[in-house]
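Structure file work28.pdb (PDB, C-alpha atoms) follows.
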ATOM      1  CA  MET Y   1     177.990  81.255 143.555
ATOM      2  CA  GLU Y   2     177.464  84.710 142.201
ATOM      3  CA  MET Y   3     174.562  84.913 139.818
ATOM      4  CA  LYS Y   4     173.315  87.839 137.806
ATOM      5  CA  GLN Y   5     169.714  88.655 136.915
ATOM      6  CA  ALA Y   6     168.906  88.208 133.212
ATOM      7  CA  LYS Y   7     166.050  87.661 130.772
ATOM      8  CA  ARG Y   8     165.541  84.475 128.790
ATOM      9  CA  VAL Y   9     163.785  85.120 125.483
ATOM     10  CA  GLU Y  10     162.479  82.137 123.520
ATOM     11  CA  ILE Y  11     161.369  82.860 119.955
ATOM     12  CA  THR Y  12     159.695  80.078 117.998
ATOM     13  CA  ILE Y  13     159.593  80.965 114.339
ATOM     14  CA  GLU Y  14     159.366  79.419 110.879
ATOM     15  CA  ALA Y  15     162.785  78.041 109.925
ATOM     16  CA  PRO Y  16     163.097  80.100 106.711
ATOM     17  CA  MET Y  17     162.885  83.245 108.881
ATOM     18  CA  GLU Y  18     165.810  82.158 111.049
ATOM     19  CA  THR Y  19     168.539  84.139 109.287
ATOM     20  CA  ARG Y  20     166.375  87.226 109.031
ATOM     21  CA  LEU Y  21     165.773  87.047 112.773
ATOM     22  CA  THR Y  22     169.394  86.414 113.754
ATOM     23  CA  ASP Y  23     170.504  89.274 111.463
ATOM     24  CA  ALA Y  24     168.016  91.545 113.236
ATOM     25  CA  LEU Y  25     169.322  90.335 116.613
ATOM     26  CA  ASP Y  26     172.901  91.041 115.531
ATOM     27  CA  ARG Y  27     171.957  94.562 114.470
ATOM     28  CA  ALA Y  28     170.277  95.047 117.861
ATOM     29  CA  GLY Y  29     173.543  94.044 119.542
ATOM     30  CA  VAL Y  30     172.341  90.627 120.737
ATOM     31  CA  THR Y  31     175.423  88.475 120.244
ATOM     32  CA  GLY Y  32     174.498  85.377 122.221
ATOM     33  CA  TYR Y  33     171.765  82.982 121.224
ATOM     34  CA  THR Y  34     171.152  79.281 120.736
ATOM     35  CA  ILE Y  35     169.016  77.703 118.005
ATOM     36  CA  LEU Y  36     167.081  74.528 118.800
ATOM     37  CA  PRO Y  37     165.426  72.272 116.229
ATOM     38  CA  VAL Y  38     161.665  71.737 116.506
ATOM     39  CA  LEU Y  39     160.068  68.381 115.598
ATOM     40  CA  GLY Y  40     156.492  69.517 115.284
ATOM     41  CA  GLY Y  41     153.802  71.518 116.926
ATOM     42  CA  SER Y  42     150.427  73.099 116.767
ATOM     43  CA  GLY Y  43     149.369  76.683 116.309
ATOM     44  CA  ARG Y  44     146.778  78.865 114.663
ATOM     45  CA  SER Y  45     147.242  77.008 111.392
ATOM     46  CA  GLY Y  46     146.719  73.565 112.943
ATOM     47  CA  ARG Y  47     149.053  70.710 113.773
ATOM     48  CA  TRP Y  48     152.223  70.103 111.862
ATOM     49  CA  SER Y  49     154.936  67.484 112.102
ATOM     50  CA  ARG Y  50     158.336  66.835 110.626
ATOM     51  CA  GLU Y  51     158.897  63.137 110.090
ATOM     52  CA  GLY Y  52     162.364  61.643 109.860
ATOM     53  CA  GLN Y  53     165.463  63.748 109.913
ATOM     54  CA  VAL Y  54     165.653  67.028 111.715
ATOM     55  CA  SER Y  55     166.700  69.863 109.449
ATOM     56  CA  ARG Y  56     165.819  73.497 109.046
ATOM     57  CA  ALA Y  57     163.809  72.823 105.897
ATOM     58  CA  GLY Y  58     160.115  73.311 106.253
ATOM     59  CA  GLY Y  59     159.575  73.443 109.958
ATOM     60  CA  MET Y  60     160.152  75.768 112.855
ATOM     61  CA  VAL Y  61     163.144  76.556 115.030
ATOM     62  CA  SER Y  62     163.334  77.898 118.539
ATOM     63  CA  ILE Y  63     165.871  80.641 119.221
ATOM     64  CA  ILE Y  64     166.865  81.262 122.828
ATOM     65  CA  CYS Y  65     168.614  84.479 123.887
ATOM     66  CA  ILE Y  66     169.836  85.172 127.400
ATOM     67  CA  ILE Y  67     170.368  88.891 127.842
ATOM     68  CA  ARG Y  68     170.778  91.639 130.396
ATOM     69  CA  PRO Y  69     167.359  93.009 131.459
ATOM     70  CA  GLU Y  70     168.122  96.485 130.087
ATOM     71  CA  ARG Y  71     168.572  95.031 126.599
ATOM     72  CA  LEU Y  72     165.120  93.446 126.488
ATOM     73  CA  ASP Y  73     163.220  96.243 124.748
ATOM     74  CA  GLU Y  74     165.723  96.510 121.945
ATOM     75  CA  LEU Y  75     165.641  92.756 121.409
ATOM     76  CA  LEU Y  76     161.839  92.683 121.381
ATOM     77  CA  GLU Y  77     161.664  95.510 118.832
ATOM     78  CA  ALA Y  78     164.113  93.638 116.604
ATOM     79  CA  ALA Y  79     162.283  90.338 116.978
ATOM     80  CA  PHE Y  80     158.859  91.848 116.485
ATOM     81  CA  GLY Y  81     159.909  93.385 113.190
ATOM     82  CA  VAL Y  82     160.506  89.879 111.867
ATOM     83  CA  VAL Y  83     157.857  87.870 113.708
ATOM     84  CA  GLU Y  84     155.001  90.333 113.195
ATOM     85  CA  ARG Y  85     153.900  89.147 109.780
ATOM     86  CA  HIS Y  86     154.788  85.496 110.264
ATOM     87  CA  ILE Y  87     153.938  82.556 112.461
ATOM     88  CA  GLY Y  88     155.856  82.876 115.698
ATOM     89  CA  VAL Y  89     155.718  83.242 119.449
ATOM     90  CA  VAL Y  90     157.985  85.352 121.653
ATOM     91  CA  CYS Y  91     158.156  84.256 125.297
ATOM     92  CA  VAL Y  92     160.186  86.061 127.990
ATOM     93  CA  SER Y  93     161.059  84.800 131.460
ATOM     94  CA  ASP Y  94     163.305  85.878 134.304
ATOM     95  CA  CYS Y  95     166.455  83.920 134.954
ATOM     96  CA  GLN Y  96     169.832  84.129 136.597
ATOM     97  CA  VAL Y  97     173.118  83.447 134.859
ATOM     98  CA  LEU Y  98     176.336  82.109 136.253
ATOM     99  CA  ARG Y  99     178.939  83.553 133.935
ATOM    100  CA  ALA Y 100     177.839  87.137 134.129
ATOM    101  CA  GLU Y 101     181.232  88.547 133.217
ATOM    102  CA  ARG Y 102     180.715  87.213 129.717
ATOM    103  CA  PHE Y 103     177.557  89.165 129.095
TER     104      PHE Y 103
ATOM    105  CA  MET P   1     146.965  69.948 141.335
ATOM    106  CA  GLU P   2     149.749  69.898 143.856
ATOM    107  CA  MET P   3     152.912  71.473 142.538
ATOM    108  CA  LYS P   4     156.290  71.766 144.183
ATOM    109  CA  GLN P   5     158.775  74.627 143.858
ATOM    110  CA  ALA P   6     161.911  73.713 141.915
ATOM    111  CA  LYS P   7     164.785  75.185 139.928
ATOM    112  CA  ARG P   8     165.262  74.712 136.194
ATOM    113  CA  VAL P   9     168.921  74.841 135.191
ATOM    114  CA  GLU P  10     169.765  75.089 131.498
ATOM    115  CA  ILE P  11     173.426  74.534 130.602
ATOM    116  CA  THR P  12     174.499  75.116 127.002
ATOM    117  CA  ILE P  13     177.903  73.616 126.422
ATOM    118  CA  GLU P  14     180.146  72.254 123.670
ATOM    119  CA  ALA P  15     178.992  68.743 122.757
ATOM    120  CA  PRO P  16     182.371  67.084 123.484
ATOM    121  CA  MET P  17     182.027  68.299 127.095
ATOM    122  CA  GLU P  18     178.647  66.603 127.522
ATOM    123  CA  THR P  19     179.860  63.419 129.198
ATOM    124  CA  ARG P  20     182.230  65.322 131.474
ATOM    125  CA  LEU P  21     179.333  67.487 132.585
ATOM    126  CA  THR P  22     176.844  64.675 133.118
ATOM    127  CA  ASP P  23     179.499  62.719 135.063
ATOM    128  CA  ALA P  24     179.987  65.782 137.270
ATOM    129  CA  LEU P  25     176.209  66.068 137.710
ATOM    130  CA  ASP P  26     175.995  62.388 138.667
ATOM    131  CA  ARG P  27     178.736  62.846 141.270
ATOM    132  CA  ALA P  28     176.827  65.851 142.629
ATOM    133  CA  GLY P  29     173.744  63.640 143.018
ATOM    134  CA  VAL P  30     171.787  65.175 140.136
ATOM    135  CA  THR P  31     170.061  62.162 138.634
ATOM    136  CA  GLY P  32     167.510  63.781 136.374
ATOM    137  CA  TYR P  33     168.361  65.758 133.289
ATOM    138  CA  THR P  34     167.429  66.019 129.630
ATOM    139  CA  ILE P  35     169.826  66.707 126.749
ATOM    140  CA  LEU P  36     168.579  68.743 123.780
ATOM    141  CA  PRO P  37     170.370  69.052 120.437
ATOM    142  CA  VAL P  38     171.392  72.539 119.300
ATOM    143  CA  LEU P  39     171.324  73.507 115.604
ATOM    144  CA  GLY P  40     173.481  76.610 115.798
ATOM    145  CA  GLY P  41     174.060  79.787 117.666
ATOM    146  CA  SER P  42     176.179  82.774 118.357
ATOM    147  CA  GLY P  43     178.500  83.572 121.218
ATOM    148  CA  ARG P  44     181.777  85.210 122.047
ATOM    149  CA  SER P  45     183.472  83.312 119.245
ATOM    150  CA  GLY P  46     180.958  84.416 116.598
ATOM    151  CA  ARG P  47     178.148  82.630 114.795
ATOM    152  CA  TRP P  48     178.215  78.925 114.150
ATOM    153  CA  SER P  49     175.834  76.567 112.418
ATOM    154  CA  ARG P  50     175.420  72.847 111.966
ATOM    155  CA  GLU P  51     174.060  72.023 108.540
ATOM    156  CA  GLY P  52     172.245  68.794 107.808
ATOM    157  CA  GLN P  53     171.819  66.059 110.379
ATOM    158  CA  VAL P  54     171.691  66.775 114.068
ATOM    159  CA  SER P  55     174.330  64.864 115.975
ATOM    160  CA  ARG P  56     176.545  65.528 118.948
ATOM    161  CA  ALA P  57     179.639  65.910 116.748
ATOM    162  CA  GLY P  58     181.016  69.397 116.584
ATOM    163  CA  GLY P  59     178.282  71.549 117.969
ATOM    164  CA  MET P  60     176.678  72.359 121.266
ATOM    165  CA  VAL P  61     174.068  70.649 123.410
ATOM    166  CA  SER P  62     171.693  72.057 125.975
ATOM    167  CA  ILE P  63     171.311  70.133 129.229
ATOM    168  CA  ILE P  64     168.238  70.843 131.337
ATOM    169  CA  CYS P  65     168.059  69.805 134.988
ATOM    170  CA  ILE P  66     165.011  70.258 137.184
ATOM    171  CA  ILE P  67     166.025  70.050 140.813
ATOM    172  CA  ARG P  68     164.936  70.869 144.340
ATOM    173  CA  PRO P  69     165.993  74.414 145.280
ATOM    174  CA  GLU P  70     168.291  73.201 148.063
ATOM    175  CA  ARG P  71     170.345  71.224 145.550
ATOM    176  CA  LEU P  72     171.120  74.239 143.379
ATOM    177  CA  ASP P  73     174.462  75.229 144.874
ATOM    178  CA  GLU P  74     175.892  71.748 144.566
ATOM    179  CA  LEU P  75     174.754  71.524 140.948
ATOM    180  CA  LEU P  76     176.244  74.921 140.104
ATOM    181  CA  GLU P  77     179.583  74.008 141.681
ATOM    182  CA  ALA P  78     179.659  70.800 139.644
ATOM    183  CA  ALA P  79     178.667  72.543 136.421
ATOM    184  CA  PHE P  80     181.044  75.425 136.922
ATOM    185  CA  GLY P  81     183.991  73.053 137.296
ATOM    186  CA  VAL P  82     183.339  71.873 133.750
ATOM    187  CA  VAL P  83     182.020  75.016 132.079
ATOM    188  CA  GLU P  84     184.601  77.416 133.538
ATOM    189  CA  ARG P  85     187.331  76.855 130.969
ATOM    190  CA  HIS P  86     185.031  76.214 128.017
ATOM    191  CA  ILE P  87     182.313  77.890 126.012
ATOM    192  CA  GLY P  88     179.062  77.600 127.903
ATOM    193  CA  VAL P  89     176.214  79.388 129.612
ATOM    194  CA  VAL P  90     174.419  78.360 132.805
ATOM    195  CA  CYS P  91     170.917  79.796 133.200
ATOM    196  CA  VAL P  92     168.688  79.199 136.262
ATOM    197  CA  SER P  93     164.976  79.925 136.583
ATOM    198  CA  ASP P  94     162.236  79.195 139.085
ATOM    199  CA  CYS P  95     159.643  76.606 138.191
ATOM    200  CA  GLN P  96     157.067  74.308 139.672
ATOM    201  CA  VAL P  97     156.908  70.574 139.072
ATOM    202  CA  LEU P  98     153.939  68.277 139.025
ATOM    203  CA  ARG P  99     155.411  64.944 139.990
ATOM    204  CA  ALA P 100     157.233  66.101 143.062
ATOM    205  CA  GLU P 101     157.258  62.676 144.686
ATOM    206  CA  ARG P 102     159.725  61.562 142.067
ATOM    207  CA  PHE P 103     162.353  64.129 142.983
TER     208      PHE P 103
ATOM    209  CA  MET O   1     156.164  96.660 124.039
ATOM    210  CA  GLU O   2     153.009  95.267 125.485
ATOM    211  CA  MET O   3     153.488  91.880 127.048
ATOM    212  CA  LYS O   4     150.937  89.573 128.608
ATOM    213  CA  GLN O   5     151.436  87.238 131.566
ATOM    214  CA  ALA O   6     151.406  83.545 130.645
ATOM    215  CA  LYS O   7     152.518  80.117 131.804
ATOM    216  CA  ARG O   8     155.180  78.053 130.079
ATOM    217  CA  VAL O   9     154.624  74.322 130.563
ATOM    218  CA  GLU O  10     157.412  71.939 129.576
ATOM    219  CA  ILE O  11     156.479  68.253 129.480
ATOM    220  CA  THR O  12     159.238  65.718 128.881
ATOM    221  CA  ILE O  13     157.748  62.371 127.988
ATOM    222  CA  GLU O  14     158.520  59.121 126.181
ATOM    223  CA  ALA O  15     158.225  59.684 122.443
ATOM    224  CA  PRO O  16     155.606  56.937 121.890
ATOM    225  CA  MET O  17     153.310  58.857 124.257
ATOM    226  CA  GLU O  18     153.562  62.054 122.212
ATOM    227  CA  THR O  19     150.375  61.652 120.203
ATOM    228  CA  ARG O  20     148.396  60.557 123.243
ATOM    229  CA  LEU O  21     149.551  63.686 125.044
ATOM    230  CA  THR O  22     148.888  66.100 122.186
ATOM    231  CA  ASP O  23     145.437  64.547 121.678
ATOM    232  CA  ALA O  24     144.736  65.135 125.374
ATOM    233  CA  LEU O  25     145.987  68.730 125.036
ATOM    234  CA  ASP O  26     143.724  69.273 122.027
ATOM    235  CA  ARG O  27     140.719  67.965 123.956
ATOM    236  CA  ALA O  28     141.630  70.333 126.799
ATOM    237  CA  GLY O  29     141.580  73.227 124.328
ATOM    238  CA  VAL O  30     145.356  73.742 124.247
ATOM    239  CA  THR O  31     145.986  74.579 120.611
ATOM    240  CA  GLY O  32     149.517  75.934 120.734
ATOM    241  CA  TYR O  33     152.545  73.810 121.523
ATOM    242  CA  THR O  34     155.997  73.054 120.200
ATOM    243  CA  ILE O  35     157.703  69.645 120.234
ATOM    244  CA  LEU O  36     161.482  69.485 120.715
ATOM    245  CA  PRO O  37     163.634  66.412 120.102
ATOM    246  CA  VAL O  38     165.643  65.057 123.039
ATOM    247  CA  LEU O  39     169.095  63.502 122.525
ATOM    248  CA  GLY O  40     169.406  61.704 125.830
ATOM    249  CA  GLY O  41     168.996  62.083 129.522
ATOM    250  CA  SER O  42     168.894  60.539 132.909
ATOM    251  CA  GLY O  43     165.992  59.735 135.179
ATOM    252  CA  ARG O  44     164.733  57.169 137.629
ATOM    253  CA  SER O  45     165.540  54.385 135.196
ATOM    254  CA  GLY O  46     169.148  55.499 134.701
ATOM    255  CA  ARG O  47     170.965  57.196 131.858
ATOM    256  CA  TRP O  48     169.909  56.799 128.269
ATOM    257  CA  SER O  49     171.238  58.126 125.008
ATOM    258  CA  ARG O  50     170.185  58.234 121.399
ATOM    259  CA  GLU O  51     173.152  57.918 119.094
ATOM    260  CA  GLY O  52     173.065  59.115 115.520
ATOM    261  CA  GLN O  53     169.981  60.581 113.950
ATOM    262  CA  VAL O  54     167.321  62.339 115.907
ATOM    263  CA  SER O  55     163.921  60.778 115.443
ATOM    264  CA  ARG O  56     160.923  60.120 117.628
ATOM    265  CA  ALA O  57     161.657  56.380 117.774
ATOM    266  CA  GLY O  58     162.769  55.137 121.140
ATOM    267  CA  GLY O  59     163.605  58.268 123.034
ATOM    268  CA  MET O  60     161.885  61.164 124.667
ATOM    269  CA  VAL O  61     160.442  64.420 123.404
ATOM    270  CA  SER O  62     159.873  67.708 125.162
ATOM    271  CA  ILE O  63     156.551  69.455 124.550
ATOM    272  CA  ILE O  64     156.341  73.156 125.363
ATOM    273  CA  CYS O  65     152.986  74.912 125.753
ATOM    274  CA  ILE O  66     152.581  78.616 126.374
ATOM    275  CA  ILE O  67     149.126  79.305 127.743
ATOM    276  CA  ARG O  68     147.029  81.852 129.575
ATOM    277  CA  PRO O  69     147.355  81.379 133.364
ATOM    278  CA  GLU O  70     143.658  80.524 133.770
ATOM    279  CA  ARG O  71     144.082  77.522 131.454
ATOM    280  CA  LEU O  72     146.836  75.935 133.530
ATOM    281  CA  ASP O  73     144.711  73.611 135.665
ATOM    282  CA  GLU O  74     142.923  72.140 132.678
ATOM    283  CA  LEU O  75     146.229  71.554 130.895
ATOM    284  CA  LEU O  76     147.776  69.912 133.954
ATOM    285  CA  GLU O  77     144.799  67.582 134.383
ATOM    286  CA  ALA O  78     145.068  66.573 130.740
ATOM    287  CA  ALA O  79     148.824  66.079 130.913
ATOM    288  CA  PHE O  80     148.698  64.211 134.189
ATOM    289  CA  GLY O  81     146.249  61.690 132.777
ATOM    290  CA  VAL O  82     148.903  60.687 130.246
ATOM    291  CA  VAL O  83     152.110  61.194 132.208
ATOM    292  CA  GLU O  84     150.919  59.575 135.433
ATOM    293  CA  ARG O  85     151.717  55.975 134.515
ATOM    294  CA  HIS O  86     154.738  56.732 132.379
ATOM    295  CA  ILE O  87     158.163  58.310 132.607
ATOM    296  CA  GLY O  88     157.759  62.071 132.398
ATOM    297  CA  VAL O  89     158.246  65.402 134.079
ATOM    298  CA  VAL O  90     155.904  68.398 133.970
ATOM    299  CA  CYS O  91     157.556  71.750 134.708
ATOM    300  CA  VAL O  92     155.685  75.079 134.859
ATOM    301  CA  SER O  93     157.186  78.573 134.890
ATOM    302  CA  ASP O  94     155.906  82.119 134.608
ATOM    303  CA  CYS O  95     156.565  84.000 131.407
ATOM    304  CA  GLN O  96     155.379  86.928 129.363
ATOM    305  CA  VAL O  97     154.344  86.738 125.730
ATOM    306  CA  LEU O  98     154.558  89.339 123.040
ATOM    307  CA  ARG O  99     151.784  88.378 120.676
ATOM    308  CA  ALA O 100     149.059  88.108 123.222
ATOM    309  CA  GLU O 101     146.253  88.754 120.753
ATOM    310  CA  ARG O 102     146.948  85.343 119.260
ATOM    311  CA  PHE O 103     146.316  83.435 122.457
TER     312      PHE O 103
END

Show the structure stored in the file as structure tokens.
Amino acid sequence: MEMKQAKRVEITIEAPMETRLTDALDRAGVTGYTILPVLGGSGRSGRWSREGQVSRAGGMVSIICIIRPERLDELLEAAFGVVERHIGVVCVSDCQVLRAERF
Amino acid sequence: MEMKQAKRVEITIEAPMETRLTDALDRAGVTGYTILPVLGGSGRSGRWSREGQVSRAGGMVSIICIIRPERLDELLEAAFGVVERHIGVVCVSDCQVLRAERF
Amino acid sequence: MEMKQAKRVEITIEAPMETRLTDALDRAGVTGYTILPVLGGSGRSGRWSREGQVSRAGGMVSIICIIRPERLDELLEAAFGVVERHIGVVCVSDCQVLRAERF
């Protein structure tokens, strides 16, 4: 099947920053992303955990964008503007996508 | 440690399509996958969000399969049959797995 | 933007093993990871599903570590000691990280 080269960007960020980040992505023309809940983790500020129900309150979320390679720099600039002063990790990997006509 | 080359396939799809997709994967001989909840996202049909509890109702799920490279085409054919007419993204990346004897 | 090469390690494991695994990661000097809830899946022991609320009870979790390449072996040894006798998959891929100074 025909696949197209793309970049997968995974941004793990404090949940209260989610809307600020997705607004920045929208302004940078990134229209496709998926938001995953995070149960707990560990980082520079130690371990943390979210017991019971999964909600956005308190914890972190992980936002995954799959984009054309030429859009990467713009996305990273937008993300960095939000992540810079907060807890967060931005991880980029190569991937291939099936439904390239939708990109 | 001995690692084996594999493919990681991430399929984000509407939650009501989940069983249809996993049935198609089963028929294609894909016996290992993991289903992650999705809190919200943005795509061709705009932004969407799932407030409160995470459940399968309404939203999207992300299905991750880690397979031997030679099985990729069969998996993609199976996934495409389900995803084609619905909202969904299929993203493939290279990976290495530790417990290769279990594949 | 300046990116740094890293490894993304995704460990899917039975939820009751989570603390044992993160303790082993801590001892191996892995201080950054994110824990994602898992809704269901399929593996050597067949299909399983978690209806209703997402919690750690019963199911699986997916632990994602982003580490410097030279730390990979130590992480894999630590993870393997926990995963070896249990259900679990360890998947490694190459990635690039934005905030490298925090690693």

**OP:** For Val97 in chain Y, work out the shell of residues within 6 Å, counting all atoms listed in the file and skipping chain neighbours fewer than 3 positions away, then give it as a PyMOL selection string.
**Re:** (chain Y and resi 3-4) or (chain P and resi 90-91)

Original post:
Within 6 Å of chain O, which residues of chain P show up when using all atoms listed in the file, listed as a list of chain:residue names?
Top reply: P:Thr31, P:Gly32, P:Tyr33, P:Thr34, P:Ile35, P:Leu36, P:Ser55, P:Cys95, P:Gln96, P:Val97, P:Leu98

**OP:** Could you tell me which residues the PyMOL selection byres ((chain P and resi 18) around 9) returns for this structure, as a list in words?
**Re:** Ile13, Glu14, Ala15, Pro16, Met17, Thr19, Arg20, Leu21, Thr22, Asp23, Ile35, Arg56, Met60, Val61, Ser62 and Ile63 of chain P

Original post:
Evaluating the PyMOL selection byres ((chain Y and resi 68) around 7) on the displayed file yields which residues, as a ChimeraX atom specification?
Top reply: /Y:6-7,67,69-71

Emit the selected residues as an mmCIF file, in the frame of the given file, including C-alpha atoms.
data_model
loop_
_atom_site.group_PDB
_atom_site.id
_atom_site.type_symbol
_atom_site.label_atom_id
_atom_site.label_comp_id
_atom_site.auth_asym_id
_atom_site.auth_seq_id
_atom_site.Cartn_x
_atom_site.Cartn_y
_atom_site.Cartn_z
ATOM 1 C CA ALA Y 6 168.906 88.208 133.212
ATOM 2 C CA LYS Y 7 166.050 87.661 130.772
ATOM 3 C CA ILE Y 67 170.368 88.891 127.842
ATOM 4 C CA PRO Y 69 167.359 93.009 131.459
ATOM 5 C CA GLU Y 70 168.122 96.485 130.087
ATOM 6 C CA ARG Y 71 168.572 95.031 126.599
#

Subject >> Shortest interatomic distance to Gly29 in chain P - which of P:Ile66, P:Leu75, P:Gln5, P:Gly59, counting only C-alpha atoms >> reply: P:Leu75
